[in-house]
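Peer 1: Contents of target_29.tsv (TSV, C-alpha atoms and all ligand atoms) are given next:
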chain	number	residue	atom	x	y	z
A	1	MET	CA	-71.81	30.28	74.21
A	2	GLU	CA	-70.01	27.19	72.83
A	3	ASN	CA	-66.62	27.75	71.33
A	4	ALA	CA	-67.00	26.70	67.73
A	5	LEU	CA	-64.02	25.21	65.92
A	6	PRO	CA	-62.44	27.54	63.37
A	7	GLN	CA	-63.84	26.63	59.99
A	8	GLU	CA	-62.57	27.23	56.53
A	9	ILE	CA	-64.67	29.73	54.67
A	10	GLU	CA	-65.65	28.61	51.18
A	11	ILE	CA	-64.95	31.53	48.87
A	12	THR	CA	-66.47	31.94	45.40
A	13	LYS	CA	-65.16	35.08	43.75
A	14	ILE	CA	-67.08	37.28	41.37
A	15	ALA	CA	-66.00	36.87	37.71
A	16	THR	CA	-65.71	40.61	37.02
A	17	SER	CA	-65.79	43.28	39.72
A	18	LYS	CA	-68.60	45.86	39.50
A	19	ILE	CA	-66.42	48.54	41.05
A	20	THR	CA	-65.66	50.33	37.78
A	21	GLU	CA	-69.39	51.07	37.38
A	22	VAL	CA	-69.59	52.92	40.70
A	23	ASP	CA	-69.39	56.71	40.99
A	24	PHE	CA	-67.75	57.04	44.41
A	25	GLU	CA	-68.17	60.82	44.34
A	26	ASN	CA	-71.95	60.59	44.20
A	27	LEU	CA	-73.08	57.80	46.48
A	28	THR	CA	-76.46	57.83	48.12
A	29	PHE	CA	-76.60	55.90	51.39
A	30	GLY	CA	-77.24	52.18	51.28
A	31	ASN	CA	-78.05	51.63	47.61
A	32	ILE	CA	-74.87	50.13	46.22
A	33	PHE	CA	-73.25	46.96	47.50
A	34	THR	CA	-69.78	45.51	47.11
A	35	ASP	CA	-68.87	42.48	44.99
A	36	HIS	CA	-69.23	39.85	47.72
A	37	MET	CA	-71.37	38.83	50.68
A	38	PHE	CA	-70.87	36.51	53.62
A	39	VAL	CA	-73.47	33.78	54.19
A	40	CYS	CA	-73.83	31.15	56.90
A	41	ASP	CA	-76.87	28.93	57.42
A	42	TYR	CA	-78.12	27.42	60.64
A	43	VAL	CA	-79.72	23.97	60.23
A	44	ASN	CA	-80.12	20.96	62.51
A	45	GLY	CA	-79.05	23.02	65.49
A	46	GLU	CA	-75.70	24.02	63.98
A	47	TRP	CA	-74.10	26.80	62.00
A	48	GLN	CA	-72.87	25.31	58.73
A	49	THR	CA	-69.67	26.02	56.76
A	50	PRO	CA	-69.57	29.80	56.16
A	51	LYS	CA	-69.34	31.02	52.58
A	52	ILE	CA	-68.40	34.17	50.73
A	53	VAL	CA	-70.17	34.43	47.38
A	54	PRO	CA	-70.84	37.15	44.78
A	55	TYR	CA	-73.43	39.65	46.05
A	56	GLY	CA	-76.84	38.77	44.67
A	57	PRO	CA	-80.47	37.88	45.33
A	58	LEU	CA	-81.47	35.05	47.67
A	59	THR	CA	-83.85	32.22	46.99
A	60	LEU	CA	-86.16	31.73	49.95
A	61	ASP	CA	-89.39	29.85	50.37
A	62	PRO	CA	-92.37	32.25	50.43
A	63	SER	CA	-93.34	30.73	53.76
A	64	ALA	CA	-89.96	31.58	55.31
A	65	ARG	CA	-90.83	32.87	58.76
A	66	VAL	CA	-88.97	36.15	58.41
A	67	PHE	CA	-91.60	37.29	55.88
A	68	HIS	CA	-94.49	36.59	58.22
A	69	TYR	CA	-93.31	37.20	61.75
A	70	GLY	CA	-90.36	39.50	61.28
A	71	GLN	CA	-87.89	37.28	63.08
A	72	ALA	CA	-84.86	39.32	61.98
A	73	VAL	CA	-82.04	41.24	63.66
A	74	PHE	CA	-79.22	43.36	62.27
A	75	GLU	CA	-76.17	45.48	63.04
A	76	GLY	CA	-74.64	48.60	61.55
A	77	MET	CA	-70.90	49.22	61.63
A	78	LYS	CA	-68.26	50.86	59.46
A	79	ALA	CA	-64.76	50.22	58.11
A	80	TYR	CA	-62.43	53.20	57.60
A	81	LYS	CA	-59.22	53.51	55.60
A	82	ASP	CA	-56.36	55.80	56.58
A	83	GLU	CA	-53.98	57.61	54.20
A	84	GLN	CA	-51.52	54.68	54.35
A	85	GLY	CA	-54.22	52.37	53.03
A	86	ASP	CA	-54.76	50.44	56.27
A	87	THR	CA	-58.31	49.45	57.15
A	88	TYR	CA	-59.83	49.88	60.62
A	89	LEU	CA	-62.99	48.96	62.46
A	90	PHE	CA	-64.35	50.85	65.46
A	91	ARG	CA	-65.18	48.77	68.56
A	92	PRO	CA	-66.42	45.80	66.48
A	93	ASP	CA	-66.75	43.60	69.60
A	94	GLU	CA	-69.64	45.83	70.62
A	95	ASN	CA	-71.49	45.03	67.40
A	96	TYR	CA	-70.73	41.35	67.70
A	97	ASN	CA	-72.04	41.21	71.26
A	98	ARG	CA	-75.09	43.29	70.42
A	99	ILE	CA	-76.27	41.19	67.47
A	100	ASN	CA	-76.28	38.17	69.75
A	101	LYS	CA	-78.10	40.11	72.45
A	102	SER	CA	-80.70	41.11	69.86
A	103	ALA	CA	-80.84	37.52	68.54
A	104	GLU	CA	-81.43	36.11	72.03
A	105	ARG	CA	-84.43	38.41	72.54
A	106	LEU	CA	-85.88	37.22	69.22
A	107	ALA	CA	-85.31	33.55	70.20
A	108	MET	CA	-82.59	33.16	67.56
A	109	PRO	CA	-79.33	31.23	68.02
A	110	ALA	CA	-76.10	33.08	68.86
A	111	PHE	CA	-73.58	33.40	66.05
A	112	PRO	CA	-70.06	32.15	66.92
A	113	GLU	CA	-67.47	34.89	67.45
A	114	ASN	CA	-64.77	33.36	65.24
A	115	TYR	CA	-67.22	32.95	62.35
A	116	PHE	CA	-68.26	36.59	62.71
A	117	PHE	CA	-64.75	37.99	62.71
A	118	ASP	CA	-63.15	35.53	60.27
A	119	GLY	CA	-66.03	36.14	57.86
A	120	LEU	CA	-65.94	39.90	58.26
A	121	TYR	CA	-62.16	40.11	57.83
A	122	ALA	CA	-62.17	37.83	54.79
A	123	LEU	CA	-64.95	39.91	53.22
A	124	LEU	CA	-63.13	43.19	53.93
A	125	LYS	CA	-59.97	41.79	52.39
A	126	LEU	CA	-61.74	40.61	49.27
A	127	ASP	CA	-63.67	43.87	48.78
A	128	ASN	CA	-60.94	46.16	50.13
A	129	ALA	CA	-60.80	48.33	47.00
A	130	TRP	CA	-64.37	49.44	47.85
A	131	ILE	CA	-63.12	51.19	50.99
A	132	LYS	CA	-61.89	54.63	49.98
A	133	SER	CA	-59.52	56.64	52.14
A	134	GLY	CA	-60.23	60.25	52.99
A	135	GLU	CA	-62.37	61.54	55.79
A	136	GLY	CA	-66.06	60.99	55.22
A	137	ASN	CA	-65.50	57.90	53.06
A	138	SER	CA	-66.26	54.57	54.69
A	139	LEU	CA	-67.72	51.16	54.08
A	140	TYR	CA	-71.03	50.63	55.84
A	141	ILE	CA	-71.24	47.03	57.06
A	142	ARG	CA	-74.60	45.37	57.61
A	143	PRO	CA	-74.56	42.00	59.38
A	144	PHE	CA	-78.05	40.48	59.79
A	145	VAL	CA	-79.86	37.26	60.64
A	146	ILE	CA	-83.21	36.08	59.25
A	147	ALA	CA	-85.48	33.12	59.98
A	148	THR	CA	-85.48	31.01	56.82
A	149	GLN	CA	-87.49	27.99	57.95
A	150	PRO	CA	-90.34	27.40	55.49
A	151	SER	CA	-93.44	27.35	57.69
A	152	VAL	CA	-96.10	29.88	58.62
A	153	SER	CA	-96.53	28.40	62.06
A	154	ALA	CA	-96.16	31.28	64.55
A	155	SER	CA	-93.21	30.22	66.65
A	156	GLU	CA	-89.46	30.57	66.54
A	157	ALA	CA	-87.77	28.98	63.54
A	158	ASP	CA	-85.22	26.18	63.51
A	159	GLN	CA	-83.44	27.45	60.37
A	160	TYR	CA	-81.69	30.79	60.02
A	161	ARG	CA	-79.32	32.62	57.73
A	162	PHE	CA	-76.60	34.96	58.96
A	163	MET	CA	-75.23	37.36	56.34
A	164	ILE	CA	-72.94	40.35	55.98
A	165	ILE	CA	-73.37	42.81	53.14
A	166	CYS	CA	-71.34	46.01	52.64
A	167	SER	CA	-72.14	49.34	51.06
A	168	PRO	CA	-69.67	52.15	50.26
A	169	ALA	CA	-70.69	55.36	52.03
A	170	GLN	CA	-69.82	59.03	52.07
A	171	SER	CA	-70.69	61.44	54.80
A	172	TYR	CA	-73.10	64.12	53.73
A	173	TYR	CA	-74.11	67.25	55.38
A	174	SER	CA	-77.84	67.02	54.90
A	175	GLY	CA	-78.49	70.03	57.12
A	176	ASP	CA	-79.43	70.10	60.78
A	177	VAL	CA	-82.71	68.33	61.41
A	178	SER	CA	-85.99	69.35	63.00
A	179	VAL	CA	-87.56	66.71	65.20
A	180	LEU	CA	-91.00	66.13	66.66
A	181	VAL	CA	-91.37	64.92	70.26
A	182	ALA	CA	-93.74	61.92	70.37
A	183	GLU	CA	-96.92	62.54	72.33
A	184	LYS	CA	-98.97	59.52	71.25
A	185	PHE	CA	-96.94	56.89	69.39
A	186	SER	CA	-94.19	54.75	70.96
A	187	ARG	CA	-91.33	52.77	69.45
A	188	SER	CA	-90.85	50.48	72.43
A	189	ALA	CA	-92.28	49.62	75.81
A	190	ASN	CA	-91.25	48.13	79.12
A	191	GLY	CA	-90.63	44.42	78.68
A	192	GLY	CA	-90.45	44.84	74.91
A	193	PHE	CA	-87.42	44.71	72.65
A	194	GLY	CA	-86.54	48.35	72.03
A	195	TYR	CA	-82.96	47.57	73.05
A	196	ALA	CA	-82.61	45.07	70.18
A	197	LYS	CA	-81.73	45.97	66.62
A	198	ALA	CA	-84.72	43.95	65.48
A	199	ALA	CA	-86.44	44.64	62.15
A	200	GLY	CA	-89.88	45.23	63.67
A	201	ASN	CA	-88.65	48.15	65.78
A	202	TYR	CA	-88.01	50.09	62.59
A	203	ALA	CA	-91.08	49.02	60.61
A	204	GLY	CA	-93.24	50.37	63.43
A	205	GLN	CA	-91.63	53.81	63.21
A	206	PHE	CA	-92.29	54.50	59.55
A	207	TYR	CA	-95.93	55.54	59.92
A	208	PRO	CA	-95.49	58.00	62.84
A	209	THR	CA	-92.40	59.39	61.07
A	210	LYS	CA	-94.40	59.82	57.87
A	211	LEU	CA	-96.97	61.86	59.79
A	212	ALA	CA	-94.18	63.93	61.37
A	213	LYS	CA	-92.73	64.61	57.92
A	214	GLU	CA	-96.10	65.94	56.77
A	215	GLN	CA	-95.71	68.51	59.56
A	216	GLY	CA	-92.22	69.49	58.40
A	217	TYR	CA	-90.15	67.39	60.82
A	218	GLN	CA	-87.57	64.89	59.61
A	219	GLN	CA	-87.52	62.63	62.65
A	220	ILE	CA	-89.23	61.78	65.90
A	221	ILE	CA	-87.84	62.00	69.41
A	222	TRP	CA	-89.40	59.01	71.11
A	223	THR	CA	-90.64	59.35	74.65
A	224	ASP	CA	-91.37	56.70	77.29
A	225	SER	CA	-94.47	54.72	76.38
A	226	ASN	CA	-96.09	54.99	79.83
A	227	THR	CA	-96.26	58.75	80.25
A	228	HIS	CA	-94.65	60.35	77.17
A	229	GLU	CA	-93.01	62.69	79.68
A	230	TYR	CA	-89.42	61.54	79.27
A	231	VAL	CA	-87.27	61.78	76.15
A	232	GLU	CA	-85.64	58.54	75.05
A	233	GLU	CA	-84.00	58.35	71.60
A	234	ALA	CA	-84.48	58.99	67.90
A	235	GLY	CA	-85.14	56.50	65.08
A	236	THR	CA	-81.59	55.14	64.75
A	237	MET	CA	-79.72	57.49	67.06
A	238	ASN	CA	-79.34	58.06	70.77
A	239	LEU	CA	-79.83	61.64	71.94
A	240	PHE	CA	-77.75	64.19	73.81
A	241	PHE	CA	-78.94	67.52	75.21
A	242	ARG	CA	-76.50	70.22	76.20
A	243	VAL	CA	-77.91	72.45	78.94
A	244	ASN	CA	-75.39	75.21	79.66
A	245	ASP	CA	-72.18	73.15	79.66
A	246	THR	CA	-73.65	69.88	80.93
A	247	LEU	CA	-74.50	66.98	78.63
A	248	LEU	CA	-77.65	64.99	79.36
A	249	THR	CA	-78.52	61.60	77.92
A	250	ALA	CA	-81.17	59.07	78.90
A	251	PRO	CA	-80.08	55.87	80.65
A	252	ILE	CA	-80.12	52.61	78.71
A	253	SER	CA	-83.13	50.43	79.46
A	254	ASP	CA	-85.05	47.63	77.76
A	255	ARG	CA	-86.68	50.37	75.66
A	256	ILE	CA	-83.50	52.09	74.46
A	257	LEU	CA	-80.76	50.82	72.19
A	258	ASP	CA	-77.30	50.75	73.80
A	259	GLY	CA	-75.47	52.69	71.06
A	260	VAL	CA	-71.72	52.36	70.54
A	261	THR	CA	-71.51	56.03	69.53
A	262	ARG	CA	-73.41	57.07	72.68
A	263	LYS	CA	-71.14	55.20	75.04
A	264	SER	CA	-68.04	56.43	73.16
A	265	LEU	CA	-69.20	60.06	73.44
A	266	ILE	CA	-69.87	59.66	77.16
A	267	ALA	CA	-66.32	58.29	77.63
A	268	LEU	CA	-64.74	61.07	75.52
A	269	ALA	CA	-66.71	63.79	77.32
A	270	GLU	CA	-65.81	62.49	80.77
A	271	LYS	CA	-62.13	62.25	79.79
A	272	GLN	CA	-62.24	65.90	78.74
A	273	GLY	CA	-63.88	66.98	81.97
A	274	ILE	CA	-67.30	67.68	80.49
A	275	VAL	CA	-70.04	66.80	82.96
A	276	VAL	CA	-72.35	64.09	81.60
A	277	GLU	CA	-75.57	63.31	83.43
A	278	VAL	CA	-77.00	59.93	82.48
A	279	ARG	CA	-80.51	60.14	83.90
A	280	PRO	CA	-84.18	60.30	82.93
A	281	ILE	CA	-84.78	63.61	81.14
A	282	LYS	CA	-88.20	65.24	81.22
A	283	VAL	CA	-89.54	66.85	78.05
A	284	SER	CA	-90.72	69.73	80.28
A	285	GLU	CA	-87.13	70.28	81.40
A	286	ILE	CA	-85.94	70.58	77.78
A	287	VAL	CA	-88.81	72.92	76.93
A	288	ALA	CA	-87.96	75.11	79.96
A	289	ALA	CA	-84.28	75.15	78.95
A	290	ALA	CA	-85.23	76.11	75.38
A	291	LYS	CA	-87.35	78.97	76.75
A	292	ASP	CA	-84.75	80.35	79.17
A	293	GLY	CA	-81.86	79.98	76.72
A	294	SER	CA	-79.89	77.37	78.68
A	295	LEU	CA	-80.55	74.72	76.02
A	296	LYS	CA	-77.42	75.07	73.87
A	297	GLU	CA	-77.52	71.96	71.71
A	298	ILE	CA	-79.40	68.79	70.87
A	299	PHE	CA	-77.72	66.09	68.81
A	300	GLY	CA	-78.23	62.50	67.80
A	301	ALA	CA	-75.40	59.94	68.01
A	302	GLY	CA	-75.14	56.85	65.83
A	303	THR	CA	-72.75	55.00	63.51
A	304	ALA	CA	-74.26	56.25	60.24
A	305	ALA	CA	-74.02	60.02	60.82
A	306	VAL	CA	-71.71	59.93	63.90
A	307	VAL	CA	-73.23	63.10	65.33
A	308	SER	CA	-76.31	64.76	63.89
A	309	PRO	CA	-77.24	68.25	65.16
A	310	VAL	CA	-80.89	69.09	65.81
A	311	LYS	CA	-81.85	72.66	64.99
A	312	ALA	CA	-85.43	72.69	66.26
A	313	PHE	CA	-88.06	70.54	67.93
A	314	GLY	CA	-91.81	70.51	68.03
A	315	TYR	CA	-93.87	69.64	71.09
A	316	LYS	CA	-97.60	70.04	71.82
A	317	GLY	CA	-98.10	72.29	68.81
A	318	ALA	CA	-95.22	74.65	69.74
A	319	HIS	CA	-91.94	74.94	67.83
A	320	TYR	CA	-88.63	75.55	69.62
A	321	GLU	CA	-85.44	76.61	67.87
A	322	VAL	CA	-81.99	75.65	69.10
A	323	ALA	CA	-79.65	78.47	68.07
A	324	PRO	CA	-76.33	77.41	66.46
A	325	GLN	CA	-73.37	77.38	68.90
A	326	GLU	CA	-69.93	78.82	68.28
A	327	ASN	CA	-68.10	76.13	70.22
A	328	SER	CA	-70.44	73.30	69.52
A	329	TYR	CA	-70.01	70.07	71.44
A	330	ALA	CA	-71.57	68.23	68.48
A	331	ALA	CA	-68.86	69.44	66.07
A	332	HIS	CA	-66.13	68.82	68.63
A	333	PHE	CA	-67.22	65.24	69.34
A	334	LYS	CA	-67.76	64.46	65.70
A	335	LYS	CA	-64.20	65.48	64.89
A	336	ALA	CA	-62.79	63.66	67.93
A	337	LEU	CA	-64.51	60.39	66.95
A	338	LEU	CA	-63.68	60.66	63.25
A	339	ASP	CA	-60.01	61.35	64.06
A	340	ILE	CA	-59.87	58.14	66.08
A	341	GLN	CA	-61.76	56.17	63.43
A	342	TYR	CA	-59.49	57.34	60.59
A	343	ASN	CA	-56.27	56.76	62.56
A	344	MET	CA	-55.53	60.47	62.72
A	345	ALA	CA	-55.47	60.76	66.50
A	346	GLU	CA	-54.22	58.82	69.48
A	347	ASP	CA	-56.67	56.11	70.50
A	348	ALA	CA	-56.53	56.39	74.29
A	349	PHE	CA	-59.36	53.90	74.80
A	350	GLY	CA	-58.12	51.21	72.40
A	351	TRP	CA	-61.26	51.41	70.27
A	352	ARG	CA	-59.63	51.14	66.85
A	353	VAL	CA	-59.06	47.64	65.43
A	354	LYS	CA	-56.80	47.19	62.42
A	355	VAL	CA	-58.09	44.74	59.83
A	356	GLN	CA	-55.15	42.44	59.05
A	401	LIG	C1	-78.33	51.68	65.77
A	401	LIG	C2	-79.14	52.52	66.67
A	401	LIG	C3	-78.58	53.52	67.48
A	401	LIG	C4	-77.12	53.90	67.40
A	401	LIG	O1	-76.26	52.86	67.74
A	401	LIG	P1	-74.72	52.91	67.28
A	401	LIG	O2	-74.15	51.68	67.87
A	401	LIG	O3	-74.14	54.14	67.89
A	401	LIG	O4	-74.70	52.96	65.81
A	401	LIG	C5	-79.40	54.20	68.37
A	401	LIG	N1	-80.72	53.93	68.45
A	401	LIG	C6	-81.31	53.00	67.67
A	401	LIG	C7	-82.76	52.74	67.80
A	401	LIG	C8	-80.54	52.28	66.75
A	401	LIG	O5	-81.11	51.37	65.96
Would you mind giving the structure from this file in structure tokens?
Ligand SMILES: *Cc1c(COP(=O)(O)O)cnc(C)c1O

Peer 2:
Amino acid sequence: MENALPQEIEITKIATSKITEVDFENLTFGNIFTDHMFVCDYVNGEWQTPKIVPYGPLTLDPSARVFHYGQAVFEGMKAYKDEQGDTYLFRPDENYNRINKSAERLAMPAFPENYFFDGLYALLKLDNAWIKSGEGNSLYIRPFVIATQPSVSASEADQYRFMIICSPAQSYYSGDVSVLVAEKFSRSANGGFGYAKAAGNYAGQFYPTKLAKEQGYQQIIWTDSNTHEYVEEAGTMNLFFRVNDTLLTAPISDRILDGVTRKSLIALAEKQGIVVEVRPIKVSEIVAAAKDGSLKEIFGAGTAAVVSPVKAFGYKGAHYEVAPQENSYAAHFKKALLDIQYNMAEDAFGWRVKVQ
């Protein structure tokens, strides 16, 4: 990708901050946004001067292609504040690289690295008061790109908008989840774009998930689209299965999103001498392990919840419980990752990045 020249960011500050109106003790995820947002348009084959402006609605032509063909990609990352008031990101290069990987698959232009980081850092500086210290508090960061070209012709656009919006978040314990193993629906297929954080991948999951909810499950474990015999991942989380003391997780493919949390957990586990098998995992194998008691844990891994324990799963009309574990890997890994993220533990892998 071409090395773009560093550009000044045009900053327009909000007249009066909205922060005093926010109840930081009672946040629900993703509903409140900080004072500012980062915006950069792509026209005539070039990214224009980036801007930071007060958070607010956009004006787009109704024919903008994103509305019709879903040409849109996004990222999800978090900023954390330690007790000294310093702000940190966790492996942000991974998010930067991934949004461009997603963009490439959707025939969208790559976003320059210096724009991404200069914009993100400037935004985090400006809205720094919105990042609260204390474990569980964070700022959820949502970079995204949409096709803005006004035209309903079904092809890739020549105008785009890159944006970053930020939402203060708390961690909640919403209870361990029950999940349904997909037998009919698929979220992705060979040759598709399951590996991309592309809007359409999520839109297509809402209906099957709605049906699963009617059966008392909160989420779906997606299986491979060819045979539905292999477990892949959940809606916005990669999956880990603990059988006896071995961790199993499916290999990354063009159907599965390459999660930062997943690869961080694999690295942490291997460092601690826990055996991790990255290989195709049959549903039948998990069912057998649930029946003979060797299935100790199932958990999802993703930026939003870090680690999310699964207490039961449904498959072919049967319901399997996963009994709570005394020395749970899920709890152990959650703490290990949070301690690194909040600058409370040594960062052996160099994952933490201080926002200057
Ligand atoms: C975002 C996402 C994940 C988790 O990725 P992280 O980088 O760990 O947040 C897993 N699966 C899907 C489908 C996702 O969208």

Peer 1: Taking all atoms of region 243-250 of chain A that the file lists, what box with edges along x, y and z, padded by 6 Å per side, do you get, with centre and edge lengths in Å to one decimal, as lines of an AutoDock Vina configuration file?

Peer 2:
center_x = -76.7
center_y = 67.1
center_z = 79.4
size_x = 21.0
size_y = 28.1
size_z = 15.0

Peer 1: Step by step, measure atom-to-atom distances between ligand LIG 401 (chain A) and each residue using only C-alpha atoms and all ligand atoms, keep those at most 6 Å, then write them as a list of chain:residue names.

Peer 2: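 Checked against 6 Å with only C-alpha atoms and all ligand atoms; the hits are A:Lys197, A:Gly235, A:Thr236, A:Met237, A:Asn238, A:Leu257, A:Gly259, A:Val260, A:Thr261, A:Arg262, A:Ala301, A:Gly302, A:Thr303.
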
Peer 1: Excluding same-chain residues fewer than 6 positions from region 312-316 of chain A, what lies within 10 Å of it counting only C-alpha atoms, as a PyMOL selection string?

Peer 2: chain A and resi 176-183+212+215-217+219-221+283-284+287+290+297-298+322-323

Peer 1: Within 10 Å of Leu120 (chain A), counting all atoms listed in the file, which residues show up once you throw out same-chain ones fewer than 3 positions away? Write them as a PyMOL selection string, please.

Peer 2: chain A and resi 37-38+52+114-117+123-126+141+143+163-166+355

Peer 1: Can you pull out every residue within 8 Å of region 349-353 of chain A, counting only C-alpha atoms, but drop anything in the same chain fewer than 5 positions away, and send it as a list in words?

Peer 2: Tyr88, Leu89, Phe90, Arg91, Pro92, Ile340, Gln341 and Asn343 of chain A

Peer 1: Which distance in Å separates CA of Glu285 (chain A) and CA of Phe299 (chain A), to one decimal?

Peer 2: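 Result for CA of Glu285 (chain A) versus CA of Phe299 (chain A): 16.3 Å, one decimal.
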
Peer 1: Using CA of Gly273 (chain A) and CA of Val310 (chain A) as the two end points, give the distance in Å to one decimal.

Peer 2: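 Interatomic distance, CA of Gly273 (chain A) to CA of Val310 (chain A): 23.6 Å.
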
Peer 1: Using only C-alpha atoms, pick whichever of A:Val152, A:Ala103, A:Ile266, A:Leu248 has the shortest atom-to-atom distance to Ala64 (chain A).

Peer 2: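 Using only C-alpha atoms, Ala64 (chain A) sits closest to A:Val152.
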
Peer 1: From the options A:Arg255, A:Lys210, A:His228, A:Arg142, which residue's atoms come nearest to Lys184 (chain A), counting all atoms listed in the file?

Peer 2: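 Once distances to Lys184 (chain A) are computed over all atoms listed in the file, the minimum belongs to A:His228.
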
Peer 1: A:Ile32, A:Val307, A:Ala198, A:Ala79: which is nearest Ser264 (chain A), counting only C-alpha atoms?

Peer 2: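 Using only C-alpha atoms, the shortest distance to Ser264 (chain A) belongs to A:Val307.
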
Peer 1: Which polymer residues, protein or nucleic acid, are no farther than 12 Å from (-64.6, 31.5, 59.1), counting all atoms listed in the file, as JSON, numbers by chain?

Peer 2: {"A": [4, 5, 6, 7, 8, 9, 10, 11, 38, 39, 40, 47, 48, 49, 50, 51, 52, 111, 112, 113, 114, 115, 116, 117, 118, 119, 120, 121, 122, 123]}

Peer 1: Counting all atoms listed in the file, figure out which residue out of A:Ser186, A:Gln356, A:Asn128, A:Ser151 gets nearest to Ile19 (chain A).

Peer 2: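 The closest residue to Ile19 (chain A) is A:Asn128.
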
Peer 1: Report, in Å with one decimal, the straight-line distance from CA of Ile146 (chain A) to CA of Ser253 (chain A).

Peer 2: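 Separation of CA of Ile146 (chain A) and CA of Ser253 (chain A): 24.8 Å.
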
Peer 1: Given only C-alpha atoms as the basis, pick out the residue of A:Glu104, A:Glu21, A:Asp127, A:Asp86 nearest to Pro54 (chain A).

Peer 2: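 Using only C-alpha atoms, the shortest distance to Pro54 (chain A) belongs to A:Asp127.
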
Peer 1: Which residue is closest to Met108 (chain A)? Choose from A:Asp82, A:Asp61, A:Glu135, A:Glu46 and count all atoms listed in the file.

Peer 2: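 The shortest atom-to-atom distance to Met108 (chain A) comes from A:Glu46.
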
Peer 1: For Pro280 (chain A), find every residue with an atom within 10 Å (counting all atoms listed in the file), except residues of its own chain fewer than 4 positions away, and show them as an MDAnalysis selection string.

Peer 2: chainID A and resid 224 229:232 248:252
